[in-house]
>>> print(open('upload-v8.tsv').read())   # TSV, C-alpha atoms
chain	number	residue	atom	x	y	z
A	25	MET	CA	-52.75	2.80	-23.92
A	26	MET	CA	-56.03	3.72	-25.57
A	27	THR	CA	-56.26	7.00	-27.49
A	28	VAL	CA	-59.24	8.82	-25.98
A	29	LEU	CA	-58.95	11.93	-28.14
A	30	ASP	CA	-56.69	13.20	-30.90
A	31	THR	CA	-57.91	16.55	-32.19
A	32	SER	CA	-55.78	16.30	-35.33
A	33	CYS	CA	-58.55	14.02	-36.65
A	34	LEU	CA	-61.17	16.77	-36.20
A	35	PRO	CA	-61.95	20.00	-38.06
A	36	PRO	CA	-60.33	22.99	-36.29
A	37	ALA	CA	-63.72	24.45	-35.36
A	38	GLU	CA	-64.66	21.34	-33.35
A	39	ARG	CA	-61.44	20.79	-31.43
A	40	THR	CA	-61.97	22.97	-28.36
A	41	THR	CA	-65.48	21.60	-27.76
A	42	ALA	CA	-64.27	18.03	-28.16
A	43	TRP	CA	-61.46	18.69	-25.68
A	44	ALA	CA	-63.83	20.12	-23.05
A	45	GLU	CA	-66.29	17.24	-23.42
A	46	THR	CA	-63.60	14.55	-23.37
A	47	THR	CA	-61.71	15.87	-20.37
A	48	ALA	CA	-64.96	16.07	-18.40
A	49	GLN	CA	-65.35	12.31	-18.89
A	50	ALA	CA	-61.71	11.19	-18.81
A	51	LEU	CA	-60.46	13.57	-16.10
A	52	VAL	CA	-62.68	16.04	-14.19
A	53	THR	CA	-65.16	18.69	-15.28
A	54	THR	CA	-63.52	22.08	-15.83
A	55	ARG	CA	-64.12	25.23	-17.84
A	56	PHE	CA	-61.61	26.48	-20.42
A	57	ARG	CA	-60.24	29.57	-22.09
A	58	PHE	CA	-58.22	29.15	-25.29
A	59	PRO	CA	-55.82	31.96	-26.25
A	60	ASP	CA	-55.64	30.70	-29.85
A	61	PRO	CA	-58.67	28.47	-30.49
A	62	GLY	CA	-58.12	28.36	-34.24
A	63	ASN	CA	-54.79	26.61	-33.78
A	64	PHE	CA	-55.67	24.49	-30.75
A	65	GLY	CA	-54.56	20.87	-30.73
A	66	ALA	CA	-54.51	18.19	-28.04
A	67	ARG	CA	-54.26	14.46	-27.46
A	68	ILE	CA	-55.18	12.14	-24.58
A	69	ARG	CA	-54.16	8.53	-24.15
A	70	ALA	CA	-55.33	6.65	-21.07
A	71	MET	CA	-54.83	3.35	-19.27
A	72	ALA	CA	-57.01	1.92	-16.49
A	73	LEU	CA	-55.18	0.30	-13.58
A	74	GLY	CA	-58.12	-0.91	-11.54
A	75	PRO	CA	-59.69	2.22	-9.99
A	76	VAL	CA	-56.54	4.18	-10.91
A	77	GLN	CA	-56.04	5.89	-14.28
A	78	LEU	CA	-52.83	6.91	-16.01
A	79	SER	CA	-53.14	9.48	-18.79
A	80	VAL	CA	-50.60	10.88	-21.23
A	81	ILE	CA	-51.77	14.33	-22.26
A	82	SER	CA	-50.45	16.93	-24.67
A	83	TYR	CA	-52.12	20.23	-25.46
A	84	ALA	CA	-51.60	23.70	-26.86
A	85	ARG	CA	-51.87	26.83	-24.71
A	86	LEU	CA	-55.00	26.98	-22.55
A	87	VAL	CA	-56.39	27.98	-19.17
A	88	CYS	CA	-58.75	25.72	-17.24
A	89	TYR	CA	-60.49	26.26	-13.93
A	90	ARG	CA	-62.66	24.27	-11.57
A	91	SER	CA	-65.01	26.47	-9.61
A	92	PRO	CA	-66.88	25.82	-6.34
A	93	ARG	CA	-70.07	25.57	-8.39
A	94	LEU	CA	-68.62	22.81	-10.59
A	95	ILE	CA	-67.46	20.97	-7.48
A	96	ARG	CA	-70.96	21.16	-5.99
A	97	GLU	CA	-72.44	19.84	-9.24
A	98	SER	CA	-69.98	16.97	-9.64
A	99	ASP	CA	-67.08	15.85	-7.51
A	100	PRO	CA	-65.54	12.42	-8.14
A	101	GLU	CA	-63.22	13.05	-5.13
A	102	LEU	CA	-59.98	12.37	-6.96
A	103	TYR	CA	-56.36	13.21	-6.40
A	104	GLN	CA	-54.36	13.96	-9.52
A	105	ILE	CA	-50.58	13.99	-9.50
A	106	ALA	CA	-48.88	15.11	-12.69
A	107	VAL	CA	-45.34	14.96	-14.01
A	108	VAL	CA	-44.69	17.80	-16.45
A	109	THR	CA	-42.82	16.43	-19.47
A	110	SER	CA	-42.72	19.52	-21.70
A	111	GLY	CA	-43.63	23.19	-21.67
A	112	ARG	CA	-44.29	25.48	-18.71
A	113	GLN	CA	-47.48	25.01	-16.75
A	114	GLY	CA	-49.12	26.89	-13.92
A	115	ILE	CA	-51.41	25.74	-11.11
A	116	GLU	CA	-53.24	27.71	-8.43
A	117	GLN	CA	-55.01	25.80	-5.65
A	118	ALA	CA	-55.48	26.25	-1.90
A	119	ARG	CA	-53.87	29.73	-2.08
A	120	HIS	CA	-50.74	28.33	-3.69
A	121	HIS	CA	-49.62	29.56	-7.09
A	122	THR	CA	-46.92	27.54	-8.79
A	123	VAL	CA	-45.24	27.58	-12.20
A	124	LEU	CA	-43.68	24.27	-13.21
A	125	GLY	CA	-41.21	23.22	-15.86
A	126	PRO	CA	-40.30	19.84	-17.34
A	127	GLY	CA	-39.46	17.22	-14.75
A	128	GLU	CA	-41.44	18.81	-11.91
A	129	ILE	CA	-44.30	17.08	-10.13
A	130	VAL	CA	-47.53	18.70	-8.93
A	131	LEU	CA	-50.52	17.54	-6.91
A	132	TYR	CA	-54.11	18.77	-7.09
A	133	ASP	CA	-57.46	17.75	-5.63
A	134	SER	CA	-60.78	17.64	-7.49
A	135	SER	CA	-62.62	18.67	-4.29
A	136	ARG	CA	-60.87	22.07	-4.11
A	137	PRO	CA	-61.17	24.89	-6.65
A	138	PHE	CA	-58.17	25.35	-8.91
A	139	GLU	CA	-56.97	27.16	-12.00
A	140	ALA	CA	-54.35	25.63	-14.28
A	141	SER	CA	-52.64	26.90	-17.40
A	142	ALA	CA	-50.49	25.57	-20.19
A	143	ARG	CA	-48.13	28.38	-21.16
A	144	GLY	CA	-45.88	26.85	-23.77
A	145	PRO	CA	-43.67	27.58	-25.56
A	146	GLY	CA	-45.09	25.14	-28.05
A	147	SER	CA	-47.06	22.14	-26.92
A	148	CYS	CA	-47.24	21.20	-23.24
A	149	ALA	CA	-47.43	17.63	-22.02
A	150	SER	CA	-47.86	15.70	-18.77
A	151	LEU	CA	-48.14	12.23	-17.33
A	152	VAL	CA	-51.20	12.37	-15.07
A	153	LEU	CA	-52.09	9.80	-12.44
A	154	GLN	CA	-55.55	10.09	-10.92
A	155	PHE	CA	-57.13	7.94	-8.25
A	156	PRO	CA	-59.89	8.08	-5.62
A	157	ARG	CA	-58.86	10.06	-2.54
A	158	ARG	CA	-59.82	7.08	-0.35
A	159	LEU	CA	-56.87	5.14	-1.81
A	160	MET	CA	-54.30	7.66	-0.57
A	161	PRO	CA	-52.43	5.98	2.32
A	162	LEU	CA	-51.47	9.37	3.81
A	163	PRO	CA	-53.87	11.34	6.01
A	164	ASP	CA	-55.52	14.44	4.56
A	165	HIS	CA	-53.72	16.80	6.96
A	166	VAL	CA	-50.42	15.71	5.36
A	167	VAL	CA	-51.65	15.91	1.75
A	168	ALA	CA	-53.90	18.99	1.78
A	169	PRO	CA	-51.16	21.62	2.44
A	170	LEU	CA	-49.27	20.42	-0.65
A	171	CYS	CA	-52.10	20.80	-3.17
A	172	GLY	CA	-51.10	23.32	-5.81
A	173	THR	CA	-47.42	23.20	-4.90
A	174	SER	CA	-44.45	21.69	-6.66
A	175	LEU	CA	-43.48	18.34	-5.15
A	176	GLY	CA	-40.01	18.87	-6.55
A	177	ALA	CA	-38.08	17.55	-9.49
A	178	ALA	CA	-38.35	13.93	-10.59
A	179	ASP	CA	-35.26	12.78	-8.70
A	180	GLY	CA	-34.88	10.14	-6.00
A	181	VAL	CA	-38.26	8.52	-5.43
A	182	GLY	CA	-39.68	11.12	-7.83
A	183	HIS	CA	-37.45	9.69	-10.56
A	184	VAL	CA	-38.73	6.19	-9.81
A	185	PHE	CA	-42.30	7.51	-9.93
A	186	ARG	CA	-41.76	9.19	-13.30
A	187	GLN	CA	-39.96	6.19	-14.80
A	188	THR	CA	-42.71	3.87	-13.60
A	189	LEU	CA	-45.42	6.00	-15.21
A	190	ALA	CA	-43.44	6.30	-18.43
A	191	GLY	CA	-42.84	2.54	-18.46
A	192	LEU	CA	-46.53	1.82	-17.99
A	193	ALA	CA	-47.37	4.21	-20.82
A	194	ASP	CA	-45.18	2.09	-23.09
A	195	ALA	CA	-46.32	-1.27	-21.65
A	196	GLU	CA	-47.71	-4.12	-23.69
A	197	PRO	CA	-51.49	-3.83	-24.13
A	198	ASP	CA	-52.23	-7.36	-22.87
A	199	LEU	CA	-51.81	-6.71	-19.14
A	200	SER	CA	-54.26	-8.88	-17.23
A	201	GLY	CA	-56.87	-7.47	-14.86
A	202	PRO	CA	-54.96	-8.61	-11.74
A	203	ASP	CA	-51.75	-7.14	-13.20
A	204	ARG	CA	-53.44	-3.78	-13.71
A	205	GLN	CA	-54.88	-3.85	-10.19
A	206	ARG	CA	-51.46	-4.56	-8.66
A	207	LEU	CA	-49.78	-1.90	-10.77
A	208	GLY	CA	-52.41	0.62	-9.71
A	209	THR	CA	-51.62	-0.08	-6.08
A	210	THR	CA	-47.89	0.27	-6.79
A	211	VAL	CA	-48.13	3.67	-8.47
A	212	VAL	CA	-50.40	5.05	-5.74
A	213	ASP	CA	-47.83	3.93	-3.15
A	214	LEU	CA	-45.12	5.68	-5.17
A	215	ALA	CA	-47.23	8.84	-5.43
A	216	ALA	CA	-47.70	8.76	-1.65
A	217	ALA	CA	-43.95	8.37	-1.19
A	218	VAL	CA	-43.30	11.45	-3.35
A	219	ILE	CA	-45.79	13.44	-1.27
A	220	ALA	CA	-44.40	12.13	2.02
A	221	ARG	CA	-40.87	13.10	0.98
A	222	ARG	CA	-42.02	16.64	0.17
A	223	ALA	CA	-43.87	16.84	3.48
A	224	ASP	CA	-40.93	15.30	5.31
A	225	ARG	CA	-43.36	12.76	6.66
A	226	ALA	CA	-42.12	9.46	5.27
A	227	SER	CA	-42.91	7.85	8.62
A	228	ALA	CA	-46.60	8.61	8.00
A	229	LEU	CA	-46.70	6.02	5.22
A	230	PRO	CA	-48.05	2.58	6.18
A	231	ALA	CA	-45.38	-0.11	6.39
A	232	GLU	CA	-46.72	-1.83	3.26
A	233	SER	CA	-46.46	1.37	1.23
A	234	ARG	CA	-42.90	2.01	2.43
A	235	THR	CA	-41.90	-1.53	1.48
A	236	ALA	CA	-43.53	-1.30	-1.96
A	237	THR	CA	-41.83	2.03	-2.64
A	238	LEU	CA	-38.46	0.74	-1.51
A	239	TYR	CA	-38.82	-2.28	-3.80
A	240	GLN	CA	-39.46	0.02	-6.77
A	241	GLN	CA	-36.44	2.16	-5.88
A	242	ILE	CA	-34.22	-0.89	-5.52
A	243	THR	CA	-35.30	-2.52	-8.79
A	244	ALA	CA	-34.75	0.79	-10.61
A	245	PHE	CA	-31.25	0.94	-9.09
A	246	ILE	CA	-30.57	-2.63	-10.21
A	247	SER	CA	-31.69	-1.84	-13.77
A	248	ARG	CA	-29.23	1.07	-13.91
A	249	HIS	CA	-26.31	-1.05	-12.66
A	250	LEU	CA	-26.78	-4.40	-14.41
A	251	HIS	CA	-23.51	-3.79	-16.28
A	252	ASP	CA	-21.59	-3.82	-13.00
A	253	ALA	CA	-20.23	-7.32	-12.37
A	254	GLY	CA	-19.98	-6.50	-8.67
A	255	LEU	CA	-23.70	-5.86	-8.35
A	256	GLY	CA	-25.11	-8.10	-5.64
A	257	PRO	CA	-27.07	-8.02	-2.38
A	258	ALA	CA	-24.26	-6.33	-0.42
A	259	ALA	CA	-23.88	-3.51	-2.96
A	260	VAL	CA	-27.66	-3.02	-3.24
A	261	ALA	CA	-28.14	-2.93	0.54
A	262	ALA	CA	-25.29	-0.45	0.99
A	263	ALA	CA	-26.62	1.85	-1.74
A	264	HIS	CA	-29.98	2.06	0.05
A	265	SER	CA	-28.61	2.19	3.61
A	266	ILE	CA	-30.50	-0.91	4.73
A	267	SER	CA	-29.40	-4.21	6.20
A	268	MET	CA	-28.97	-7.34	4.10
A	269	ARG	CA	-31.64	-9.01	6.19
A	270	TYR	CA	-34.18	-6.29	5.44
A	271	LEU	CA	-33.23	-6.30	1.76
A	272	HIS	CA	-33.94	-10.04	1.48
A	273	ARG	CA	-37.24	-9.55	3.31
A	274	VAL	CA	-38.34	-6.89	0.79
A	275	PHE	CA	-37.72	-9.26	-2.12
A	276	GLN	CA	-39.28	-12.20	-0.29
A	277	VAL	CA	-42.55	-10.25	-0.12
A	278	HIS	CA	-42.47	-10.14	-3.94
A	279	GLY	CA	-41.80	-13.86	-4.26
A	280	THR	CA	-38.18	-13.67	-5.40
A	281	THR	CA	-34.61	-13.13	-4.22
A	282	VAL	CA	-32.16	-10.33	-4.91
A	283	ASN	CA	-29.79	-12.60	-6.83
A	284	GLY	CA	-32.67	-14.19	-8.70
A	285	TYR	CA	-34.01	-10.81	-9.77
A	286	ILE	CA	-30.58	-9.60	-10.92
A	287	ARG	CA	-29.98	-12.82	-12.86
A	288	ARG	CA	-33.35	-12.65	-14.64
A	289	GLU	CA	-32.87	-9.00	-15.59
A	290	ARG	CA	-29.36	-9.66	-16.94
A	291	ILE	CA	-30.47	-12.68	-18.95
A	292	ALA	CA	-33.41	-10.68	-20.33
A	293	ARG	CA	-31.04	-7.97	-21.58
A	294	CYS	CA	-28.73	-10.58	-23.10
A	295	ARG	CA	-31.64	-12.31	-24.84
A	296	ARG	CA	-32.74	-9.02	-26.32
A	297	ASP	CA	-29.26	-8.17	-27.63
A	298	LEU	CA	-28.61	-11.66	-28.99
A	299	ALA	CA	-31.88	-11.49	-30.93
A	300	ASP	CA	-31.12	-8.03	-32.34
A	301	PRO	CA	-29.91	-8.35	-35.96
A	302	LEU	CA	-28.16	-4.99	-35.64
A	303	LEU	CA	-25.87	-6.55	-33.02
A	304	GLY	CA	-25.12	-9.64	-35.06
A	305	ALA	CA	-21.42	-8.72	-35.41
A	306	VAL	CA	-20.94	-8.21	-31.65
A	307	PRO	CA	-19.26	-11.28	-30.09
A	308	VAL	CA	-21.40	-13.33	-27.73
A	309	GLY	CA	-18.87	-12.80	-24.94
A	310	ALA	CA	-19.02	-9.04	-25.35
A	311	ILE	CA	-22.79	-9.09	-24.92
A	312	GLY	CA	-22.44	-11.11	-21.74
A	313	ALA	CA	-19.80	-8.72	-20.41
A	314	ARG	CA	-22.02	-5.74	-21.22
A	315	TRP	CA	-24.64	-7.09	-18.83
A	316	GLY	CA	-22.52	-8.18	-15.89
A	317	PHE	CA	-21.02	-11.51	-17.03
A	318	PRO	CA	-17.31	-10.72	-17.52
A	319	ARG	CA	-16.33	-14.40	-17.75
A	320	ALA	CA	-17.63	-16.18	-20.85
A	321	SER	CA	-17.95	-19.49	-19.01
A	322	ASP	CA	-20.15	-17.92	-16.32
A	323	PHE	CA	-22.30	-16.30	-18.98
A	324	THR	CA	-22.76	-19.54	-20.89
A	325	ARG	CA	-23.65	-21.47	-17.74
A	326	ALA	CA	-26.17	-18.88	-16.51
A	327	PHE	CA	-27.73	-18.50	-19.95
A	328	ARG	CA	-28.09	-22.26	-20.43
A	329	THR	CA	-29.69	-22.60	-16.99
A	330	ALA	CA	-32.24	-19.90	-17.84
A	331	THR	CA	-33.04	-20.83	-21.44
A	332	GLY	CA	-31.93	-24.42	-21.99
A	333	MET	CA	-29.37	-23.48	-24.65
A	334	THR	CA	-26.08	-21.64	-25.00
A	335	PRO	CA	-25.97	-17.98	-26.08
A	336	THR	CA	-24.57	-19.02	-29.46
A	337	GLU	CA	-27.36	-21.55	-29.99
A	338	TYR	CA	-29.95	-18.96	-28.98
A	339	ARG	CA	-28.57	-16.40	-31.43
A	340	SER	CA	-28.55	-18.92	-34.30
A	341	LEU	CA	-32.15	-19.92	-33.54
A	342	GLY	CA	-33.29	-16.36	-34.07
A	343	GLU	CA	-36.51	-16.85	-32.07
A	344	PRO	CA	-37.27	-16.27	-28.38
A	345	VAL	CA	-37.68	-19.23	-26.09
A	346	ALA	CA	-39.31	-19.54	-22.69
A	347	GLU	CA	-37.18	-18.37	-19.81
A	348	ASP	CA	-36.84	-20.18	-16.49
A	349	THR	CA	-38.49	-17.84	-13.95
A	350	ARG	CA	-37.21	-19.57	-10.84
A	351	PRO	CA	-35.68	-17.13	-8.29
>>> encode(input="upload-v8.tsv", output="structure tokens")
Amino acid sequence: MMTVLDTSCLPPAERTTAWAETTAQALVTTRFRFPDPGNFGARIRAMALGPVQLSVISYARLVCYRSPRLIRESDPELYQIAVVTSGRQGIEQARHHTVLGPGEIVLYDSSRPFEASARGPGSCASLVLQFPRRLMPLPDHVVAPLCGTSLGAADGVGHVFRQTLAGLADAEPDLSGPDRQRLGTTVVDLAAAVIARRADRASALPAESRTATLYQQITAFISRHLHDAGLGPAAVAAAHSISMRYLHRVFQVHGTTVNGYIRRERIARCRRDLADPLLGAVPVGAIGARWGFPRASDFTRAFRTATGMTPTEYRSLGEPVAEDTRP
């Protein structure tokens, strides 16, 4: 991500002004009150995902508000959905007043007046996804009543949403333009799924959004259970209460198979551990078993198919090699 502002690089007297000016450009125009301006500090990092933007924001105590006058002067017509990662934060919009703690998710709309506050203790921080309202696959009558309310804790699809945002924040900087565009679509679909769950209107999501969200939930489940040697299509389908046929269709849309995805993820974890000098004393077989290959012969065969060499040869080489990406 690109650092848009880090006030620690500025003299204390300039920090609040720099914050107001930067947020007007990077987020939306608001007005601020600072309880302790002399000790104010903040940081914004941002990533563009096509027309979607992900920001990682941390800030000291403050109050910001967006008035009807500011909306008349400038309204980019954005939805913002934030995951609170530290501190206690308040939001008031559409006659809702909500106080949120770490792990909670909140939605707000640039076209409606709001007041938000960072209350501490200490620094507050959030992952903020913002995107044009026209990209929201849910109708306004479903979304509008939830502005300014807590969408719940980051569990279930909320957990997938939070983990996806956090993963993108830590992603490699060389994502291609098409990759960013696709990822932007994915996170908007996940945001819509979080909102639909809170509204109890999952059926209002378009079929494509439901499929994309389900794929993200399933791949997150697979990542958490790679160590389980029994992980396979039947276990995945049962965990998500869907048929095997539908499961295979979901993965077919993404150009792969369930078994192919599991194999690639397991081999990727094994490659990482084999290349880690801190794990040099761990037997090759133990690394395979850790990632779902309890039989050494199966591990060796799968690893050779994917990389062209045995796990032992790979470890001795000490350098990564291209992986076979066939499903």
>>> atom_distance(input="upload-v8.tsv", atom1="atom CA of Ile242 of chain A", atom2="atom CA of Gly208 of chain A")
18.7 Å
>>> residues_around(input="upload-v8.tsv", residues="segment 36-42 of chain A", least_positions_apart="3", cutoff="12 Å", atoms="only C-alpha atoms", output="compact mmCIF listing (two decimals) with C-alpha atoms, in the coordinates of the input")
# COMPACT_ATOMS: atom_id res chain seq x y z
CA VAL A 28 -59.24 8.82 -25.98
CA LEU A 29 -58.95 11.93 -28.14
CA ASP A 30 -56.69 13.20 -30.90
CA THR A 31 -57.91 16.55 -32.19
CA SER A 32 -55.78 16.30 -35.33
CA CYS A 33 -58.55 14.02 -36.65
CA GLU A 45 -66.29 17.24 -23.42
CA THR A 46 -63.60 14.55 -23.37
CA THR A 47 -61.71 15.87 -20.37
CA ALA A 48 -64.96 16.07 -18.40
CA GLN A 49 -65.35 12.31 -18.89
CA ALA A 50 -61.71 11.19 -18.81
CA ARG A 55 -64.12 25.23 -17.84
CA PHE A 56 -61.61 26.48 -20.42
CA ARG A 57 -60.24 29.57 -22.09
CA PHE A 58 -58.22 29.15 -25.29
CA PRO A 59 -55.82 31.96 -26.25
CA ASP A 60 -55.64 30.70 -29.85
CA PRO A 61 -58.67 28.47 -30.49
CA GLY A 62 -58.12 28.36 -34.24
CA ASN A 63 -54.79 26.61 -33.78
CA PHE A 64 -55.67 24.49 -30.75
CA GLY A 65 -54.56 20.87 -30.73
CA ALA A 66 -54.51 18.19 -28.04
CA ARG A 67 -54.26 14.46 -27.46
CA ILE A 68 -55.18 12.14 -24.58
CA TYR A 83 -52.12 20.23 -25.46
CA ALA A 84 -51.60 23.70 -26.86
CA ARG A 85 -51.87 26.83 -24.71
CA LEU A 86 -55.00 26.98 -22.55
CA VAL A 87 -56.39 27.98 -19.17
CA CYS A 88 -58.75 25.72 -17.24
>>> closest_atom_pairs(input="upload-v8.tsv", of="segment 157-210 of chain A", to="segment 106-117 of chain A", cutoff="12 Å", atoms="only C-alpha atoms", output="tab-separated table")
residue	atom	partner	partner_atom	distance
A:Ala168	CA	A:Gln117	CA	10.1
A:Pro169	CA	A:Gln117	CA	9.9
A:Leu170	CA	A:Gln117	CA	9.3
A:Cys171	CA	A:Gln117	CA	6.3
A:Gly172	CA	A:Gln117	CA	4.6
A:Thr173	CA	A:Ile115	CA	7.8
A:Ser174	CA	A:Ile115	CA	9.2
A:Leu175	CA	A:Val107	CA	9.7
A:Gly176	CA	A:Val107	CA	10.0
A:Ala177	CA	A:Val107	CA	8.9
A:Ala178	CA	A:Val107	CA	7.8
A:Asp179	CA	A:Val107	CA	11.6
A:Gly182	CA	A:Val107	CA	9.2
A:His183	CA	A:Val107	CA	10.1
A:Val184	CA	A:Val107	CA	11.8
A:Phe185	CA	A:Val107	CA	9.0
A:Arg186	CA	A:Val107	CA	6.8
A:Gln187	CA	A:Val107	CA	10.3
A:Thr188	CA	A:Val107	CA	11.4
A:Leu189	CA	A:Val107	CA	9.0
A:Ala190	CA	A:Val107	CA	9.9
>>> closest_residue(input="upload-v8.tsv", among="A:Thr210, A:Thr235, A:Gln276, A:Thr281", to="Pro257 of chain A", atoms="only C-alpha atoms")
A:Thr281
>>> residues_around(input="upload-v8.tsv", residues="Phe327 of chain A", least_positions_apart="3", cutoff="10 Å", atoms="all atoms listed in the file", output="short mmCIF file (atom, residue, chain, number, x, y, z; two decimals) with C-alpha atoms, in the coordinates of the input")
data_model
loop_
_atom_site.label_atom_id
_atom_site.label_comp_id
_atom_site.auth_asym_id
_atom_site.auth_seq_id
_atom_site.Cartn_x
_atom_site.Cartn_y
_atom_site.Cartn_z
CA ARG A 287 -29.98 -12.82 -12.86
CA ARG A 288 -33.35 -12.65 -14.64
CA ARG A 290 -29.36 -9.66 -16.94
CA ILE A 291 -30.47 -12.68 -18.95
CA ALA A 292 -33.41 -10.68 -20.33
CA CYS A 294 -28.73 -10.58 -23.10
CA ARG A 295 -31.64 -12.31 -24.84
CA GLY A 312 -22.44 -11.11 -21.74
CA SER A 321 -17.95 -19.49 -19.01
CA ASP A 322 -20.15 -17.92 -16.32
CA PHE A 323 -22.30 -16.30 -18.98
CA THR A 324 -22.76 -19.54 -20.89
CA ALA A 330 -32.24 -19.90 -17.84
CA THR A 331 -33.04 -20.83 -21.44
CA GLY A 332 -31.93 -24.42 -21.99
CA MET A 333 -29.37 -23.48 -24.65
CA THR A 334 -26.08 -21.64 -25.00
CA PRO A 335 -25.97 -17.98 -26.08
CA TYR A 338 -29.95 -18.96 -28.98
CA GLU A 347 -37.18 -18.37 -19.81
CA ASP A 348 -36.84 -20.18 -16.49
#
>>> atom_distance(input="upload-v8.tsv", atom1="atom CA of Gly254 of chain A", atom2="atom CA of Ala217 of chain A")
29.2 Å
>>> atom_distance(input="upload-v8.tsv", atom1="atom CA of His272 of chain A", atom2="atom CA of Ile219 of chain A")
26.4 Å
>>> residues_around(input="upload-v8.tsv", residues="Arg69 of chain A", least_positions_apart="3", cutoff="8 Å", atoms="all atoms listed in the file", output="short mmCIF file (atom, residue, chain, number, x, y, z; two decimals) with C-alpha atoms, in the coordinates of the input")
data_model
loop_
_atom_site.label_atom_id
_atom_site.label_comp_id
_atom_site.auth_asym_id
_atom_site.auth_seq_id
_atom_site.Cartn_x
_atom_site.Cartn_y
_atom_site.Cartn_z
CA MET A 25 -52.75 2.80 -23.92
CA MET A 26 -56.03 3.72 -25.57
CA THR A 27 -56.26 7.00 -27.49
CA VAL A 28 -59.24 8.82 -25.98
CA LEU A 29 -58.95 11.93 -28.14
CA SER A 79 -53.14 9.48 -18.79
CA VAL A 80 -50.60 10.88 -21.23
CA ILE A 81 -51.77 14.33 -22.26
#
>>> residues_near_point(input="upload-v8.tsv", point="(-30.7, -1.6, -0.1)", cutoff="10 Å", atoms="all atoms listed in the file", output="list in words")
Leu238, Tyr239, Gln241, Ile242, Thr243, Phe245, Pro257, Ala258, Ala259, Val260, Ala261, Ala262, Ala263, His264, Ser265, Ile266, Ser267, Met268, Arg269, Tyr270, Leu271, His272 and Val274 of chain A
>>> closest_residue(input="upload-v8.tsv", among="A:Pro161, A:Gly316, A:Gly284, A:Gly279", to="His251 of chain A", atoms="only C-alpha atoms")
A:Gly316
>>> closest_residue(input="upload-v8.tsv", among="A:Ala236, A:Arg293, A:Pro145, A:Ala215", to="Arg248 of chain A", atoms="all atoms listed in the file")
A:Arg293
>>> residues_around(input="upload-v8.tsv", residues="segment 93-98 of chain A", least_positions_apart="6", cutoff="9 Å", atoms="all atoms listed in the file", output="list in words")
Val52, Thr53, Thr54, Arg55, Ser134, Ser135, Arg136 and Pro137 of chain A
>>> decode(input="upload-v8.tsv", residues="segment 113-122 of chain A", atoms="N, CA, C and O atoms", output="PDB file, in the first residue's frame")
ATOM      1  N   GLN A 113     -14.906   3.552  18.785  1.00  0.00           N
ATOM      2  CA  GLN A 113     -15.272   4.587  17.836  1.00  0.00           C
ATOM      3  C   GLN A 113     -16.783   4.727  17.794  1.00  0.00           C
ATOM      4  O   GLN A 113     -17.525   3.755  17.962  1.00  0.00           O
ATOM      5  N   GLY A 114     -17.240   5.950  17.571  1.00  0.00           N
ATOM      6  CA  GLY A 114     -18.665   6.217  17.512  1.00  0.00           C
ATOM      7  C   GLY A 114     -19.074   6.713  16.137  1.00  0.00           C
ATOM      8  O   GLY A 114     -18.285   7.347  15.434  1.00  0.00           O
ATOM      9  N   ILE A 115     -20.312   6.433  15.749  1.00  0.00           N
ATOM     10  CA  ILE A 115     -20.850   6.917  14.481  1.00  0.00           C
ATOM     11  C   ILE A 115     -22.313   7.264  14.683  1.00  0.00           C
ATOM     12  O   ILE A 115     -23.058   6.527  15.357  1.00  0.00           O
ATOM     13  N   GLU A 116     -22.739   8.384  14.133  1.00  0.00           N
ATOM     14  CA  GLU A 116     -24.144   8.779  14.164  1.00  0.00           C
ATOM     15  C   GLU A 116     -24.542   9.150  12.743  1.00  0.00           C
ATOM     16  O   GLU A 116     -23.981  10.077  12.139  1.00  0.00           O
ATOM     17  N   GLN A 117     -25.490   8.409  12.184  1.00  0.00           N
ATOM     18  CA  GLN A 117     -25.988   8.688  10.836  1.00  0.00           C
ATOM     19  C   GLN A 117     -27.407   8.138  10.717  1.00  0.00           C
ATOM     20  O   GLN A 117     -27.710   7.069  11.278  1.00  0.00           O
ATOM     21  N   ALA A 118     -28.243   8.841   9.975  1.00  0.00           N
ATOM     22  CA  ALA A 118     -29.618   8.406   9.727  1.00  0.00           C
ATOM     23  C   ALA A 118     -30.354   8.065  11.027  1.00  0.00           C
ATOM     24  O   ALA A 118     -31.057   7.064  11.119  1.00  0.00           O
ATOM     25  N   ARG A 119     -30.144   8.916  12.053  1.00  0.00           N
ATOM     26  CA  ARG A 119     -30.790   8.776  13.359  1.00  0.00           C
ATOM     27  C   ARG A 119     -30.340   7.536  14.130  1.00  0.00           C
ATOM     28  O   ARG A 119     -30.996   7.141  15.104  1.00  0.00           O
ATOM     29  N   HIS A 120     -29.257   6.952  13.719  1.00  0.00           N
ATOM     30  CA  HIS A 120     -28.666   5.842  14.470  1.00  0.00           C
ATOM     31  C   HIS A 120     -27.408   6.355  15.157  1.00  0.00           C
ATOM     32  O   HIS A 120     -26.613   7.073  14.556  1.00  0.00           O
ATOM     33  N   HIS A 121     -27.232   5.963  16.390  1.00  0.00           N
ATOM     34  CA  HIS A 121     -26.003   6.308  17.130  1.00  0.00           C
ATOM     35  C   HIS A 121     -25.396   5.011  17.652  1.00  0.00           C
ATOM     36  O   HIS A 121     -26.052   4.274  18.401  1.00  0.00           O
ATOM     37  N   THR A 122     -24.183   4.743  17.249  1.00  0.00           N
ATOM     38  CA  THR A 122     -23.563   3.457  17.555  1.00  0.00           C
ATOM     39  C   THR A 122     -22.155   3.662  18.064  1.00  0.00           C
ATOM     40  O   THR A 122     -21.408   4.503  17.541  1.00  0.00           O
TER      41      THR A 122
END
